[in-house]
Amino acid sequence: MKTRNLYIVTYGCQMNVYDSTCLGTLMKKRGWKLAEKPEGADFIFLNTCSIREKAARRVIGHLNRLKALKQKNPALILGVGGCVAEQEGQKLLKQVPWLNLVVGPGRLGEIPQLLENLTSDMPPIVLSGQAPLMTEPAASEPQDHRALASFKDFEPGPSPISSFLTIMTGCDNYCAYCVVPYLRGRETSRPKEEILAEARSLVNRGSLELTLLGQNVNSYGRPGHRGGQDFVELLTEVANIPHLERLRFTTSHPKDFPPALVDLFGQLPNLCEHLHLPLQAGSDRILAAMGRRYDSAHYLWLVSALRAACPNLALSTDIIVGFPGETEQEFNQTVKMLESIGFDFIFSFKYSDRPMTKANLLPDKIEEKEKQRRLAHLQAVQKAITLEKHQALIGQSLEVLVDGFGRNQGQLSGRSRDLKLVHFDGPESLMGQLVMVKILEAWPVSLIGELNSNQKKALQNLN
Ligand code: 5AD
Ligand code: SF4
């Protein structure tokens, strides 16, 4: 039988990247080949994000563009997965009648089996809700794609040097603005042994860096979760895997950060000096309205405890501007928090109304133009802070994990332990290696450096 080609496009968070990798692994096991472009593919799958309206709109735009391919090749199977699929379900078929498959994030594991017999002339299939982690032993196959893409032949990605590993899914926090709990379901932890086996397998296959993923990794193993145990214990055991050079985790909720976890930053040598800790807003009234269950004082206390445990810890955060009812003064409290904490970088967003959420029903929505103004101001403030932090690194040597090419010919790029993007000139043979780079220039989003002189000498000796 002719080899069938699959083309996957991933939108959104790192969890989606991981899910797409799992799906690719499962499909390859069944003989599919991963295509590099959509033209000529037999199955095109968009793994989607619905966190903000703009992200969801992009998916529809993409599906409209794919219509031409479908017209050229009527046998093409077109599928949508992830959060837009879960949110829209059947409705998506009305908007995009040329779709064949709509699959929520909890049901991705069923796609390979479905594709065995699905043809484009059949009625479209919609799957949503959460699949059980494992079906009964008598059933033909377990359904969860994470458990299914067994770690033995797990394909690490986005690059094998640095891999993602999902340890828990779902969210029980119901922040007022957020659609995730409605689309990704209740918190579920993967069994510790399964995670450790997958982590060992990834390291054995050459991953030097692992990032443990979850909507709220700090809830890992919370009583009542299936499977998991304590997050601090899990992190410690993963960190102890021989030859694992770097360990990261994301995302953490500031209300769930026990002192034992803070202390790990000073204790585990391969736990990298970077933490993503979403603040969302600087005003206590807005934080309460968002349902975040911490206040600015708690956040500041946590930051100082983390910095006491690990003085060179880099911090990043998420901020939403223009939450319903946010006054100018409340917005300024967010700006003040950025100035007093000094984040290394931030992700900032205009509040976006999402279906099902509590904030969707709140009065006093902020006008789009005003949200845009606040966002631009916040980003300008942060740009100066980031640049200042980058400039302070000039002259220092950073350990860089080389995983890509820079924009210029002969330039390599990679991340430092504290997640700074560093470009430098060097031979391709350094790809996948840890090198020391001396920083020479600072830019708002990246640093430019040169290989340390002893590293250069070692390379000359090799040539
Ligand atoms: N509008 C704007 N930003 C949002 N986020 C989540 N929901 C919304 C929304 N409705 C942001 C939060 C979260 C990040 C992943 O996306 O800052 O931490
Ligand atoms: Fe959304 Fe809040 Fe859960 Fe994060 S913690 S996924 S923002 S509900």
# chains A, B, ... in the order shown; residues from 1 in each chain; ligands from 1
$ closest_atom_pairs --of "chain A" --to "ligand 2" --cutoff "7 Å" --atoms "only C-alpha atoms and all ligand atoms" --output "CSV"
residue,atom,partner,partner_atom_place_in_ligand_line,distance
A:Cys171,CA,ligand 2,3 (Fe),4.7
A:Asp172,CA,ligand 2,3 (Fe),6.4
A:Asn173,CA,ligand 2,8 (S),4.7
A:Tyr174,CA,ligand 2,8 (S),4.1
A:Cys175,CA,ligand 2,8 (S),4.2
A:Cys178,CA,ligand 2,1 (Fe),4.5
A:Val179,CA,ligand 2,1 (Fe),6.5
A:Val180,CA,ligand 2,1 (Fe),5.1
A:Pro181,CA,ligand 2,8 (S),5.7
A:Gln215,CA,ligand 2,6 (S),5.1
A:Asn216,CA,ligand 2,5 (S),6.1
A:His253,CA,ligand 2,5 (S),6.2
$ write_last_selection --atoms "N, CA and C atoms" --output "JSON list (two decimals), in the first residue's frame"
[["chain", "number", "residue", "atom", "x", "y", "z"],
["A", 171, "CYS", "N", -7.28, 21.80, 34.15],
["A", 171, "CYS", "CA", -7.10, 22.85, 35.16],
["A", 171, "CYS", "C", -8.38, 22.96, 35.98],
["A", 172, "ASP", "N", -8.20, 23.07, 37.30],
["A", 172, "ASP", "CA", -9.36, 23.20, 38.20],
["A", 172, "ASP", "C", -9.50, 24.62, 38.75],
["A", 173, "ASN", "N", -8.74, 25.56, 38.21],
["A", 173, "ASN", "CA", -8.69, 26.88, 38.84],
["A", 173, "ASN", "C", -9.80, 27.84, 38.42],
["A", 174, "TYR", "N", -10.31, 27.68, 37.24],
["A", 174, "TYR", "CA", -11.40, 28.53, 36.76],
["A", 174, "TYR", "C", -11.14, 30.02, 36.95],
["A", 175, "CYS", "N", -10.00, 30.51, 36.52],
["A", 175, "CYS", "CA", -9.78, 31.96, 36.53],
["A", 175, "CYS", "C", -10.90, 32.57, 35.68],
["A", 178, "CYS", "N", -10.65, 32.71, 31.80],
["A", 178, "CYS", "CA", -9.98, 31.63, 31.08],
["A", 178, "CYS", "C", -10.90, 30.48, 30.67],
["A", 179, "VAL", "N", -10.76, 30.07, 29.42],
["A", 179, "VAL", "CA", -11.63, 29.05, 28.86],
["A", 179, "VAL", "C", -11.04, 27.63, 29.06],
["A", 180, "VAL", "N", -9.76, 27.59, 29.47],
["A", 180, "VAL", "CA", -9.06, 26.30, 29.54],
["A", 180, "VAL", "C", -9.78, 25.23, 30.38],
["A", 181, "PRO", "N", -10.26, 25.54, 31.58],
["A", 181, "PRO", "CA", -10.90, 24.48, 32.37],
["A", 181, "PRO", "C", -12.11, 23.86, 31.67],
["A", 215, "GLN", "N", -0.91, 22.61, 32.67],
["A", 215, "GLN", "CA", -1.56, 23.91, 32.84],
["A", 215, "GLN", "C", -1.18, 24.50, 34.18],
["A", 216, "ASN", "N", -0.99, 23.64, 35.15],
["A", 216, "ASN", "CA", -0.58, 24.08, 36.49],
["A", 216, "ASN", "C", 0.23, 22.94, 37.11],
["A", 253, "HIS", "N", 1.27, 28.16, 39.16],
["A", 253, "HIS", "CA", 0.33, 29.16, 39.70],
["A", 253, "HIS", "C", 0.92, 29.70, 41.00]]
$ residues_around --residues "segment 324-334 of chain A" --least-positions-apart "5" --cutoff "8 Å" --atoms "only C-alpha atoms" --output "PyMOL selection string"
chain A and resi 281-283+286+351+359+362-366+374
$ residues_near_ligand --ligand "ligand 1" --cutoff "10 Å" --atoms "only C-alpha atoms and all ligand atoms" --output "ChimeraX atom specification"
/A:12-13,50-54,175-180,215,251-253,276-281,317-323,346-355,357,359-360
$ write_last_selection --atoms "N, CA and C atoms" --output "tab-separated table (two decimals), in the first residue's frame"
chain	number	residue	atom	x	y	z
A	12	GLY	N	-0.63	27.58	19.42
A	12	GLY	CA	-0.84	27.67	20.86
A	12	GLY	C	0.32	27.22	21.72
A	13	CYS	N	-0.05	26.59	22.83
A	13	CYS	CA	0.92	26.39	23.92
A	13	CYS	C	1.83	25.18	23.67
A	50	SER	N	-7.53	28.17	21.60
A	50	SER	CA	-8.71	29.02	21.67
A	50	SER	C	-8.62	30.00	22.84
A	51	ILE	N	-7.40	30.21	23.35
A	51	ILE	CA	-7.25	30.97	24.59
A	51	ILE	C	-7.71	32.42	24.43
A	52	ARG	N	-7.46	32.99	23.25
A	52	ARG	CA	-7.98	34.33	22.95
A	52	ARG	C	-8.70	34.26	21.61
A	53	GLU	N	-9.60	35.22	21.40
A	53	GLU	CA	-10.42	35.17	20.19
A	53	GLU	C	-9.57	35.18	18.92
A	54	LYS	N	-8.46	35.96	18.99
A	54	LYS	CA	-7.61	36.10	17.81
A	54	LYS	C	-7.03	34.75	17.39
A	175	CYS	N	-10.00	30.51	36.52
A	175	CYS	CA	-9.78	31.96	36.53
A	175	CYS	C	-10.90	32.57	35.68
A	176	ALA	N	-11.39	33.75	36.11
A	176	ALA	CA	-12.63	34.28	35.51
A	176	ALA	C	-12.55	34.51	34.01
A	177	TYR	N	-11.34	34.75	33.48
A	177	TYR	CA	-11.19	35.09	32.06
A	177	TYR	C	-10.91	33.87	31.19
A	178	CYS	N	-10.65	32.71	31.80
A	178	CYS	CA	-9.98	31.63	31.08
A	178	CYS	C	-10.90	30.48	30.67
A	179	VAL	N	-10.76	30.07	29.42
A	179	VAL	CA	-11.63	29.05	28.86
A	179	VAL	C	-11.04	27.63	29.06
A	180	VAL	N	-9.76	27.59	29.47
A	180	VAL	CA	-9.06	26.30	29.54
A	180	VAL	C	-9.78	25.23	30.38
A	215	GLN	N	-0.91	22.61	32.67
A	215	GLN	CA	-1.56	23.91	32.84
A	215	GLN	C	-1.18	24.50	34.18
A	251	THR	N	3.45	25.43	33.48
A	251	THR	CA	3.34	26.73	34.13
A	251	THR	C	3.02	26.54	35.60
A	252	SER	N	3.42	27.51	36.40
A	252	SER	CA	3.17	27.46	37.85
A	252	SER	C	2.15	28.51	38.24
A	253	HIS	N	1.27	28.16	39.16
A	253	HIS	CA	0.33	29.16	39.70
A	253	HIS	C	0.92	29.70	41.00
A	276	HIS	N	8.69	30.71	35.00
A	276	HIS	CA	7.57	31.47	34.45
A	276	HIS	C	6.46	31.46	35.50
A	277	LEU	N	6.11	32.65	35.97
A	277	LEU	CA	5.17	32.76	37.08
A	277	LEU	C	4.12	33.82	36.73
A	278	PRO	N	3.00	33.37	36.14
A	278	PRO	CA	2.00	34.35	35.67
A	278	PRO	C	1.44	35.23	36.80
A	279	LEU	N	1.58	36.54	36.62
A	279	LEU	CA	1.07	37.50	37.60
A	279	LEU	C	-0.35	37.93	37.19
A	280	GLN	N	-0.56	38.17	35.94
A	280	GLN	CA	-1.83	38.59	35.30
A	280	GLN	C	-2.19	40.05	35.55
A	281	ALA	N	-2.08	40.54	36.81
A	281	ALA	CA	-2.42	41.94	37.07
A	281	ALA	C	-1.76	42.38	38.37
A	317	THR	N	6.65	36.38	33.04
A	317	THR	CA	5.26	36.36	33.52
A	317	THR	C	4.27	36.59	32.39
A	318	ASP	N	2.99	36.37	32.70
A	318	ASP	CA	1.89	36.70	31.78
A	318	ASP	C	1.10	37.85	32.40
A	319	ILE	N	0.73	38.81	31.56
A	319	ILE	CA	-0.09	39.94	32.02
A	319	ILE	C	-1.28	40.11	31.09
A	320	ILE	N	-2.44	40.36	31.69
A	320	ILE	CA	-3.62	40.72	30.89
A	320	ILE	C	-3.96	42.17	31.18
A	321	VAL	N	-4.07	42.98	30.13
A	321	VAL	CA	-4.50	44.37	30.35
A	321	VAL	C	-5.96	44.51	29.91
A	322	GLY	N	-6.65	45.43	30.58
A	322	GLY	CA	-8.03	45.73	30.18
A	322	GLY	C	-9.04	44.68	30.59
A	323	PHE	N	-8.79	44.00	31.72
A	323	PHE	CA	-9.83	43.12	32.28
A	323	PHE	C	-11.07	43.99	32.55
A	346	ILE	N	8.20	39.32	29.45
A	346	ILE	CA	6.79	39.06	29.76
A	346	ILE	C	6.03	38.67	28.48
A	347	PHE	N	4.93	37.97	28.67
A	347	PHE	CA	3.94	37.80	27.60
A	347	PHE	C	2.75	38.64	28.03
A	348	SER	N	2.32	39.56	27.17
A	348	SER	CA	1.22	40.43	27.60
A	348	SER	C	0.11	40.40	26.56
A	349	PHE	N	-1.11	40.47	27.06
A	349	PHE	CA	-2.28	40.27	26.20
A	349	PHE	C	-3.36	41.29	26.54
A	350	LYS	N	-4.15	41.63	25.51
A	350	LYS	CA	-5.37	42.40	25.77
A	350	LYS	C	-6.42	41.39	26.23
A	351	TYR	N	-7.19	41.76	27.23
A	351	TYR	CA	-8.27	40.86	27.67
A	351	TYR	C	-9.17	40.54	26.47
A	352	SER	N	-9.53	39.28	26.35
A	352	SER	CA	-10.38	38.84	25.24
A	352	SER	C	-11.55	38.04	25.83
A	353	ASP	N	-12.76	38.43	25.45
A	353	ASP	CA	-13.95	37.71	25.94
A	353	ASP	C	-13.97	36.28	25.44
A	354	ARG	N	-14.13	35.34	26.33
A	354	ARG	CA	-14.20	33.94	25.91
A	354	ARG	C	-15.54	33.34	26.32
A	355	PRO	N	-16.10	32.49	25.45
A	355	PRO	CA	-17.38	31.88	25.80
A	355	PRO	C	-17.28	31.08	27.10
A	357	THR	N	-16.90	31.71	30.10
A	357	THR	CA	-16.17	32.21	31.27
A	357	THR	C	-17.01	33.22	32.07
A	359	ALA	N	-15.91	36.08	33.31
A	359	ALA	CA	-15.61	37.46	32.92
A	359	ALA	C	-16.42	37.88	31.70
A	360	ASN	N	-16.78	36.94	30.88
A	360	ASN	CA	-17.58	37.22	29.70
A	360	ASN	C	-18.88	37.94	30.08
$ closest_residue --among "A:Val335, A:Cys49, A:Ala309, A:Leu202" --to "Leu268 of chain A" --atoms "only C-alpha atoms"
A:Ala309
$ atom_distance --atom1 "atom CA of Glu399 of chain A" --atom2 "atom CA of Leu313 of chain A"
14.6 Å
$ atom_distance --atom1 "atom CA of Ala260 of chain A" --atom2 "atom CA of Arg307 of chain A"
14.1 Å
$ closest_residue --among "A:Glu36, A:Asp418, A:Glu237, A:Asp284" --to "Ser316 of chain A" --atoms "only C-alpha atoms"
A:Asp418
$ select_by_dssp --residues "segment 25-72 of chain A" --states "strand (DSSP E)" --output "list in words"
Lys33, Leu34, Phe43, Ile44, Phe45, Leu46, Asn47 and Thr48 of chain A
$ closest_residue --among "A:Ile448, A:Ile44, A:Val402, A:Leu264" --to "Glu209 of chain A" --atoms "only C-alpha atoms"
A:Val402
$ atom_distance --atom1 "atom CA of Val17 of chain A" --atom2 "atom CA of Ser207 of chain A"
16.2 Å
$ select_by_dssp --residues "segment 359-433 of chain A" --states "helix (DSSP H, G or I)" --output "VMD selection string"
chain A and resid 359 to 361 368 to 391 428 to 430
